[in-house]
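J.: Questions regarding the structure given below will be posed in turn.
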Amino acid sequence: MELNLHRLWIFLKVVEYQGFSAAAHELYMSQPSVSNQVRRLEQSLKVTLVDRSGARVRPTAEGEVLAAYAKRVFLLADEAVAAVQQVSSLEHGRLLVGGSTTVGTYLLPALLARFRELYPGVECDVFVGNNRAVAERLLAGDIGIAVVAGGPAATQLLVEPVLRERLVLVARAGHPLAGHAGPLRPHQLAAERFLMREPGSHTRTEQEHVLDEWGIAQSVSRSDVWGPEAVKQCVAAGLGVALISEHAVVDDVERSAALTVLPVRPEPRPRPVSL
């Protein structure tokens, strides 16, 4: 048995206004149409819902039970609409936000803090992974929105650039090249070991592009390191140099002075950070 909500709503109005004509006036329907809809509801339930014998229409015992449930049904429907509107207006709700490893670690927390100031009723959970992992979760619907370096190539995703950042070459404090007068030329880096992000990271792709543009991709030695924090710790320990987001090394260069930026000409091209 299927309960028709439209007919249930008409029946409830008949009970509330104690008559078919009054309900029809309220619903902007004809009186025969209202009577017909209530009759078809009774047929589907195989019971008589209203007593038509008196001057005013009154619900039968079955009708009283159904009317009580109908009020609860439509009250719940109103609550559902209100809840949806609250979420759409960012008053309440929960949002799972993704971030590629570097962006999610160094830029996303400040962005979320500003978001929470504007919309304190929205709870935010954060997933951080490399670009490949974030794109997979977006496509699977596991996360609703993400901020990533570059931009996923999947055509199913809407990508909007929000800012641009640059990779910088960092070395441990006191590195011999740190005292070089003026920007370095790429050939002066041929003896350095480059610490590369893991495959699947957008930073790794950009690192490869920069080394190609500098013409040293085939000559320098390399090591793979997973995650920007691990890369920075390895650089600080003197295990090599690394091309890394400028946002990832602000504290290490300006505050702790554990790392130093080696200027190189030509500079790496800026890359987008996308929503």
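By convention here, the chains of the structure tokens are called A, B, ... in the order presented, each chain's residues are numbered starting at 1, and ligands are numbered starting at 1 in the order presented.
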Which residues, written as a PyMOL selection string, have at least one atom at most 9 Å from Ala22 in chain A, with only C-alpha atoms counted and residues fewer than 6 positions away on the same chain left out?
T.: chain A and resi 13-14+31
J.: Go ahead and write the selection's residues with N, CA, C and O atoms as a CSV table (one decimal), in the first residue's frame.
T.:
chain,number,residue,atom,x,y,z
A,13,LYS,N,-6.6,18.9,5.7
A,13,LYS,CA,-7.3,20.2,5.6
A,13,LYS,C,-8.8,20.1,5.8
A,13,LYS,O,-9.4,20.9,6.4
A,14,VAL,N,-9.3,19.0,5.3
A,14,VAL,CA,-10.8,18.7,5.4
A,14,VAL,C,-11.1,18.6,6.9
A,14,VAL,O,-12.1,19.1,7.4
A,31,GLN,N,-14.6,22.0,-4.8
A,31,GLN,CA,-15.1,21.1,-3.8
A,31,GLN,C,-15.2,19.6,-4.3
A,31,GLN,O,-14.8,18.7,-3.6
J.: Any idea what's packed within 8 Å of Ile244 in chain A, counting only C-alpha atoms, ignoring anything in its chain fewer than 3 positions away? Could you give it as a compact mmCIF listing (two decimals) with C-alpha atoms, in the first residue's frame?
T.:
# COMPACT_ATOMS: atom_id res chain seq x y z
CA LEU A 167 58.70 26.84 -5.40
CA VAL A 168 61.93 27.99 -3.78
CA LEU A 169 65.21 26.11 -3.47
CA VAL A 170 66.16 25.56 0.18
CA THR A 203 55.04 19.29 -5.98
CA PRO A 228 56.94 18.34 3.05
CA ALA A 248 56.06 25.74 3.65
CA VAL A 249 59.38 27.28 4.69
J.: Please identify all polymer residues within 8 Å of Ser221 in chain A, counting only C-alpha atoms, omitting same-chain residues fewer than 5 positions from it, and present them as a PyMOL selection string.
T.: chain A and resi 191-194
J.: So that I can check the surroundings of Gly227 in chain A, please list as a list in words every protein, DNA and RNA residue that reaches within 8 Å of it, counting only C-alpha atoms and ignoring chain neighbours fewer than 3 positions away.
T.: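 In the requested format, the answer is Thr101, Thr102, Arg197, Glu198, Ala230 and Val231 of chain A.
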J.: What does the structure give for the distance between CA of Asp212 in chain A and CA of Leu275 in chain A, in Å to one decimal?
T.: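 Pair CA of Asp212 in chain A / CA of Leu275 in chain A returns 27.5 Å.
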J.: Just give me the gap between CA of Val103 in chain A and CA of Val147 in chain A in Å, one decimal is fine.
T.: 6.9 Å
